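Structure, as structure tokens:
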Amino acid sequence: MRYFTSDFHFGSAVLLDKNAMGPKARSFKSLDDMHDAIVKACAHLKPEDMLFHLGDFACVGNDRGYAGLDSRKNAIDFLNRIKCNKILIAGNHDENNGVPVACDFIVLKLARWSVSVQHYPSSDERALLPHLMNTRFQINLCGHVHKWWRAMYDRVNRVLNINVGLDMNGFELYSEPELVNLIQRAVDWVKSGARVSFAKYEAVLTKKKAAASREQRLKSYTWLRDNKPELLTPEKRKWLEENEGK
């Protein structure tokens, strides 16, 4: 199985400071708590799995006035705790941490899409943007932006950016099927005109799905009541009484 993530930032104490990071601050009481959460997110990985990490694995030394990890050995120790195959894409915090980054940029095939994979979104001047022959726009997997957005359509460059970072995925990795599902939703969003933010678009989808599920449940329980009342459990009957007519 292939997995995708970004921005572990082992050692980055600045990420816990709300005064420094504002809404992007991580809600951990200590670096140890943050490190434990990252390691836990990777604990299910198997030796045969492949993890793509899209930059900013660890901070060694000074980070905007905050002390990072003491040495490159500390960063490598964290890397060795992740027990699977790893491809590390270079991020802006990886220049001196000693982790063996593979490259700045790669192209992968995910389902029916060819996608660029790098640390930066297309709106960043450091991003690399080859034309990948997608029908209407290029798809770019990135990190770097932490909690700012999950998907962003760059109209100038015609690039749909997908943020695979930990912060926007509840401190969990994306499995390949999960990422393909996210890309499909984001592609549908762009094709719909992207008139609202992706977050609002997803909220509407969730609301519609919940409404459809409730409607189907109402039909099912009503049919049981009218045709097979002996199969209508007390819990189902109570739900039907509370929701019928709303």
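Each chain in the structure tokens gets a letter, A, B and so on, in the order shown; residues start at 1 in every chain, and ligands are counted from 1 in the order they appear.
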
Trp149 of chain A: which residues within 10 Å, counting only C-alpha atoms, same-chain residues fewer than 3 positions away excluded, as a PDB file with N, CA and C atoms, in the first residue's frame?
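Output below, filename selection.pdb:
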```
ATOM      1  N   VAL A 145       1.512  24.116   3.513  1.00  0.00           N
ATOM      2  CA  VAL A 145       0.514  25.113   3.916  1.00  0.00           C
ATOM      3  C   VAL A 145      -0.189  24.758   5.226  1.00  0.00           C
ATOM      4  N   HIS A 146       0.147  23.612   5.806  1.00  0.00           N
ATOM      5  CA  HIS A 146      -0.400  23.201   7.102  1.00  0.00           C
ATOM      6  C   HIS A 146      -1.932  23.235   7.114  1.00  0.00           C
ATOM      7  N   MET A 152      -6.920  23.627  -3.185  1.00  0.00           N
ATOM      8  CA  MET A 152      -6.926  25.014  -3.660  1.00  0.00           C
ATOM      9  C   MET A 152      -6.741  25.001  -5.173  1.00  0.00           C
ATOM     10  N   ASN A 161      -4.364  22.082  -6.469  1.00  0.00           N
ATOM     11  CA  ASN A 161      -3.427  21.684  -5.423  1.00  0.00           C
ATOM     12  C   ASN A 161      -4.151  20.901  -4.332  1.00  0.00           C
ATOM     13  N   ILE A 162      -3.576  19.761  -3.963  1.00  0.00           N
ATOM     14  CA  ILE A 162      -4.117  18.925  -2.896  1.00  0.00           C
ATOM     15  C   ILE A 162      -3.091  18.878  -1.763  1.00  0.00           C
ATOM     16  N   ASN A 163      -3.490  19.344  -0.601  1.00  0.00           N
ATOM     17  CA  ASN A 163      -2.610  19.362   0.566  1.00  0.00           C
ATOM     18  C   ASN A 163      -2.703  18.024   1.310  1.00  0.00           C
ATOM     19  N   GLY A 165      -0.775  17.201   3.912  1.00  0.00           N
ATOM     20  CA  GLY A 165      -0.143  17.348   5.223  1.00  0.00           C
ATOM     21  C   GLY A 165      -0.946  16.766   6.366  1.00  0.00           C
ATOM     22  N   ASP A 167      -1.691  18.082   9.192  1.00  0.00           N
ATOM     23  CA  ASP A 167      -2.569  19.011   9.904  1.00  0.00           C
ATOM     24  C   ASP A 167      -3.994  19.035   9.358  1.00  0.00           C
ATOM     25  N   MET A 168      -4.151  18.818   8.052  1.00  0.00           N
ATOM     26  CA  MET A 168      -5.485  18.863   7.460  1.00  0.00           C
ATOM     27  C   MET A 168      -6.138  17.496   7.370  1.00  0.00           C
ATOM     28  N   SER A 197     -15.401  27.852  -1.424  1.00  0.00           N
ATOM     29  CA  SER A 197     -14.185  27.165  -0.996  1.00  0.00           C
ATOM     30  C   SER A 197     -14.425  25.664  -0.990  1.00  0.00           C
ATOM     31  N   PHE A 198     -13.353  24.903  -1.070  1.00  0.00           N
ATOM     32  CA  PHE A 198     -13.487  23.455  -1.066  1.00  0.00           C
ATOM     33  C   PHE A 198     -14.087  22.975   0.252  1.00  0.00           C
ATOM     34  N   ALA A 199     -13.765  23.648   1.350  1.00  0.00           N
ATOM     35  CA  ALA A 199     -14.318  23.267   2.654  1.00  0.00           C
ATOM     36  C   ALA A 199     -15.841  23.389   2.648  1.00  0.00           C
TER      37      ALA A 199
END
```

Problem set entry | DSSP strand (DSSP E or B) residues within segment 15-173 of chain A, as a ChimeraX atom specification | /A:50-53,58,60,62-63,66-67,69,85-89,103,105-110,113-118,138-142,151-154,159-163

I'd like a table as CSV: residues in segment 76-131 of chain A with an atom no more than 12 Å from segment 2-6 of chain A, each row giving the shortest atom pair and its distance in Å to one decimal, only C-alpha atoms counted, sorted by chain and rising residue number.
```
residue,atom,partner,partner_atom,distance
A:Cys84,CA,A:Arg2,CA,10.2
A:Asn85,CA,A:Arg2,CA,9.5
A:Lys86,CA,A:Tyr3,CA,9.5
A:Ile87,CA,A:Phe4,CA,9.7
A:Leu88,CA,A:Ser6,CA,9.2
A:Ile89,CA,A:Ser6,CA,8.9
A:Ala90,CA,A:Ser6,CA,10.3
A:Gly91,CA,A:Ser6,CA,9.1
A:Asn92,CA,A:Ser6,CA,11.9
A:His93,CA,A:Ser6,CA,11.7
A:Asp94,CA,A:Ser6,CA,11.9
A:Leu108,CA,A:Arg2,CA,11.3
A:Lys109,CA,A:Arg2,CA,11.7
A:Leu110,CA,A:Arg2,CA,10.2
A:Val117,CA,A:Phe4,CA,10.0
A:Gln118,CA,A:Ser6,CA,9.7
A:His119,CA,A:Ser6,CA,7.8
A:Tyr120,CA,A:Ser6,CA,10.6
```

Please produce a file of those selected residues containing N, CA and C atoms, as a CSV table (one decimal), in the first residue's frame.
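The resulting out_16.csv:
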```
chain,number,residue,atom,x,y,z
A,84,CYS,N,8.9,1.3,7.3
A,84,CYS,CA,8.4,1.0,6.0
A,84,CYS,C,9.4,1.6,4.9
A,85,ASN,N,9.1,1.4,3.7
A,85,ASN,CA,9.9,2.0,2.6
A,85,ASN,C,9.5,3.5,2.6
A,86,LYS,N,10.4,4.4,2.3
A,86,LYS,CA,10.1,5.8,2.4
A,86,LYS,C,10.7,6.6,1.2
A,87,ILE,N,10.0,7.5,0.6
A,87,ILE,CA,10.5,8.4,-0.3
A,87,ILE,C,10.3,9.8,0.2
A,88,LEU,N,11.4,10.5,0.5
A,88,LEU,CA,11.3,11.8,1.1
A,88,LEU,C,11.5,12.9,0.1
A,89,ILE,N,10.5,13.8,-0.1
A,89,ILE,CA,10.6,14.9,-1.0
A,89,ILE,C,11.2,16.1,-0.2
A,90,ALA,N,12.1,16.9,-0.8
A,90,ALA,CA,12.7,18.0,0.0
A,90,ALA,C,11.7,19.1,0.3
A,91,GLY,N,11.8,19.6,1.5
A,91,GLY,CA,11.0,20.8,1.9
A,91,GLY,C,12.0,21.9,2.3
A,92,ASN,N,11.4,23.0,2.7
A,92,ASN,CA,12.3,24.1,3.0
A,92,ASN,C,13.0,24.0,4.4
A,93,HIS,N,12.6,23.0,5.2
A,93,HIS,CA,13.2,22.7,6.5
A,93,HIS,C,14.1,21.5,6.5
A,94,ASP,N,14.3,20.9,5.3
A,94,ASP,CA,15.1,19.7,5.2
A,94,ASP,C,16.6,19.9,4.8
A,108,LEU,N,3.7,11.0,-10.4
A,108,LEU,CA,3.1,9.7,-10.1
A,108,LEU,C,1.8,9.5,-10.8
A,109,LYS,N,1.5,8.3,-11.0
A,109,LYS,CA,0.1,7.9,-11.5
A,109,LYS,C,-0.7,7.5,-10.4
A,110,LEU,N,-1.8,8.2,-10.2
A,110,LEU,CA,-2.8,7.8,-9.2
A,110,LEU,C,-4.2,7.7,-9.8
A,117,VAL,N,4.2,15.8,-7.6
A,117,VAL,CA,4.4,15.6,-6.2
A,117,VAL,C,5.6,16.4,-5.7
A,118,GLN,N,5.3,17.4,-4.8
A,118,GLN,CA,6.4,18.3,-4.4
A,118,GLN,C,5.9,18.9,-3.0
A,119,HIS,N,6.8,19.7,-2.5
A,119,HIS,CA,6.5,20.3,-1.2
A,119,HIS,C,5.6,21.5,-1.3
A,120,TYR,N,5.7,22.2,-2.4
A,120,TYR,CA,5.1,23.5,-2.6
A,120,TYR,C,3.8,23.5,-3.4
```

For this session: For Glu95 of chain A, list every protein, DNA or RNA residue within 12 Å, evaluated using only C-alpha atoms, and leave out those in the same chain fewer than 6 positions away; present the list as a list in words.
Result: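 With the cut-off at 12 Å, the set is Gly55, Asp56, Phe57, Ala58, Cys59, Val60, Gly61, Arg72, Ile89, Val101, Cys103 and Asp104 of chain A.
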
Atoms kept (N, CA and C atoms) for selection, written as a PDB file, in the first residue's frame:
```pdb
ATOM      1  N   GLY A  55       8.039  16.658   2.357  1.00  0.00           N
ATOM      2  CA  GLY A  55       8.864  17.759   2.825  1.00  0.00           C
ATOM      3  C   GLY A  55       8.633  18.200   4.252  1.00  0.00           C
ATOM      4  N   ASP A  56       9.703  18.819   4.816  1.00  0.00           N
ATOM      5  CA  ASP A  56       9.738  19.305   6.197  1.00  0.00           C
ATOM      6  C   ASP A  56       9.591  18.158   7.190  1.00  0.00           C
ATOM      7  N   PHE A  57      10.526  17.225   7.099  1.00  0.00           N
ATOM      8  CA  PHE A  57      10.495  16.069   7.997  1.00  0.00           C
ATOM      9  C   PHE A  57      10.893  16.456   9.412  1.00  0.00           C
ATOM     10  N   ALA A  58      11.969  17.230   9.567  1.00  0.00           N
ATOM     11  CA  ALA A  58      12.448  17.569  10.907  1.00  0.00           C
ATOM     12  C   ALA A  58      13.205  18.883  10.870  1.00  0.00           C
ATOM     13  N   CYS A  59      13.222  19.550  12.006  1.00  0.00           N
ATOM     14  CA  CYS A  59      13.958  20.800  12.147  1.00  0.00           C
ATOM     15  C   CYS A  59      15.124  20.583  13.103  1.00  0.00           C
ATOM     16  N   VAL A  60      16.331  20.829  12.619  1.00  0.00           N
ATOM     17  CA  VAL A  60      17.531  20.721  13.440  1.00  0.00           C
ATOM     18  C   VAL A  60      18.102  22.115  13.641  1.00  0.00           C
ATOM     19  N   GLY A  61      18.376  22.471  14.899  1.00  0.00           N
ATOM     20  CA  GLY A  61      18.919  23.796  15.176  1.00  0.00           C
ATOM     21  C   GLY A  61      17.838  24.844  15.314  1.00  0.00           C
ATOM     22  N   ARG A  72      21.537  16.075  13.758  1.00  0.00           N
ATOM     23  CA  ARG A  72      21.010  15.294  12.650  1.00  0.00           C
ATOM     24  C   ARG A  72      20.690  13.866  13.086  1.00  0.00           C
ATOM     25  N   ILE A  89      10.509  13.775  -0.107  1.00  0.00           N
ATOM     26  CA  ILE A  89      10.625  14.934  -0.987  1.00  0.00           C
ATOM     27  C   ILE A  89      11.183  16.095  -0.170  1.00  0.00           C
ATOM     28  N   VAL A 101      16.732  12.883   1.521  1.00  0.00           N
ATOM     29  CA  VAL A 101      15.672  13.240   0.586  1.00  0.00           C
ATOM     30  C   VAL A 101      15.997  12.674  -0.790  1.00  0.00           C
ATOM     31  N   CYS A 103      14.455  13.715  -3.821  1.00  0.00           N
ATOM     32  CA  CYS A 103      14.396  14.699  -4.897  1.00  0.00           C
ATOM     33  C   CYS A 103      13.508  15.859  -4.462  1.00  0.00           C
ATOM     34  N   ASP A 104      13.403  16.851  -5.328  1.00  0.00           N
ATOM     35  CA  ASP A 104      12.502  17.985  -5.091  1.00  0.00           C
ATOM     36  C   ASP A 104      11.120  17.747  -5.675  1.00  0.00           C
TER      37      ASP A 104
END
```

Neighbours of Tyr201 of chain A within 12 Å (only C-alpha atoms; same-chain residues fewer than 3 positions away dropped), as a PDB file with C-alpha atoms, in the first residue's frame?
```
ATOM      1  CA  ARG A 150      -7.213  20.964   1.929  1.00  0.00           C
ATOM      2  CA  ALA A 151      -7.607  21.785  -1.771  1.00  0.00           C
ATOM      3  CA  MET A 152      -6.926  25.014  -3.660  1.00  0.00           C
ATOM      4  CA  ARG A 185     -14.006  15.251  -4.904  1.00  0.00           C
ATOM      5  CA  ALA A 186     -11.624  18.126  -5.594  1.00  0.00           C
ATOM      6  CA  VAL A 187     -11.773  17.535  -9.364  1.00  0.00           C
ATOM      7  CA  ASP A 188     -15.581  17.574  -9.212  1.00  0.00           C
ATOM      8  CA  TRP A 189     -15.359  20.811  -7.225  1.00  0.00           C
ATOM      9  CA  VAL A 190     -13.212  22.491  -9.873  1.00  0.00           C
ATOM     10  CA  SER A 192     -18.456  22.649 -10.871  1.00  0.00           C
ATOM     11  CA  GLY A 193     -16.889  26.090 -11.090  1.00  0.00           C
ATOM     12  CA  ALA A 194     -15.208  26.235  -7.661  1.00  0.00           C
ATOM     13  CA  ARG A 195     -17.489  29.118  -6.727  1.00  0.00           C
ATOM     14  CA  VAL A 196     -17.164  28.384  -3.004  1.00  0.00           C
ATOM     15  CA  SER A 197     -14.185  27.165  -0.996  1.00  0.00           C
ATOM     16  CA  PHE A 198     -13.487  23.455  -1.066  1.00  0.00           C
ATOM     17  CA  VAL A 204     -22.571  20.669   1.322  1.00  0.00           C
ATOM     18  CA  LEU A 205     -21.689  17.180   0.071  1.00  0.00           C
ATOM     19  CA  THR A 206     -21.724  15.857   3.629  1.00  0.00           C
ATOM     20  CA  LYS A 207     -25.089  17.504   4.305  1.00  0.00           C
ATOM     21  CA  LYS A 208     -26.602  16.065   1.117  1.00  0.00           C
TER      22      LYS A 208
END
```

Problem set entry | Coordinates-based distance that separates atom CA of Phe52 of chain A from atom CA of Leu182 of chain A (Å, one decimal) |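 That distance, rounded to one decimal, is 16.5 Å.
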
For this session: Using DSSP on the backbone coordinates, identify all residues within segment 32-104 of chain A classified as alpha helix (DSSP H); present the result as a list of chain:residue names.
Result: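 Residues meeting the alpha helix (DSSP H) criterion: A:Asp32, A:Asp33, A:Met34, A:His35, A:Asp36, A:Ala37, A:Ile38, A:Val39, A:Lys40, A:Ala41, A:Cys42, A:Arg72, A:Lys73, A:Asn74, A:Ala75, A:Ile76, A:Asp77, A:Phe78, A:Leu79, A:Asn80.
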
For this session: Go through A:Phe171, A:Ser114, A:Asn227, A:Leu218 and flag the residue nearest Glu241 of chain A, using only C-alpha atoms for the distances.
Result: A:Leu218

For Pro121 of chain A, find every residue with an atom within 8 Å (counting only C-alpha atoms), except residues of its own chain fewer than 5 positions away, and show them as a JSON list (two decimals) with N, CA and C atoms, in the first residue's frame.
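Ended up saving to out25.json:
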```
[["chain", "number", "residue", "atom", "x", "y", "z"],
["A", 127, "ALA", "N", 7.68, 26.43, -6.65],
["A", 127, "ALA", "CA", 7.03, 25.24, -7.20],
["A", 127, "ALA", "C", 7.51, 24.96, -8.62],
["A", 140, "ASN", "N", -1.59, 18.82, -8.46],
["A", 140, "ASN", "CA", -0.32, 18.91, -7.73],
["A", 140, "ASN", "C", -0.53, 18.52, -6.27],
["A", 141, "LEU", "N", 0.15, 17.46, -5.83],
["A", 141, "LEU", "CA", 0.13, 17.09, -4.42],
["A", 141, "LEU", "C", 1.23, 17.88, -3.71],
["A", 142, "CYS", "N", 0.89, 18.44, -2.56],
["A", 142, "CYS", "CA", 1.86, 19.28, -1.88],
["A", 142, "CYS", "C", 1.66, 19.23, -0.37],
["A", 143, "GLY", "N", 2.55, 19.89, 0.33],
["A", 143, "GLY", "CA", 2.43, 20.13, 1.77],
["A", 143, "GLY", "C", 2.57, 21.62, 1.99],
["A", 144, "HIS", "N", 3.38, 21.99, 2.98],
["A", 144, "HIS", "CA", 3.83, 23.36, 3.22],
["A", 144, "HIS", "C", 2.79, 24.29, 3.83],
["A", 145, "VAL", "N", 1.51, 24.12, 3.51],
["A", 145, "VAL", "CA", 0.51, 25.11, 3.92],
["A", 145, "VAL", "C", -0.19, 24.76, 5.23],
["A", 161, "ASN", "N", -4.36, 22.08, -6.47],
["A", 161, "ASN", "CA", -3.43, 21.68, -5.42],
["A", 161, "ASN", "C", -4.15, 20.90, -4.33]]
```

For this session: Show which residues sit within 8 Å of Ala13 of chain A, as a VMD selection string. Count only C-alpha atoms, and ignore same-chain residues fewer than 4 positions away.
Result: chain A and resid 17 31 66 to 68
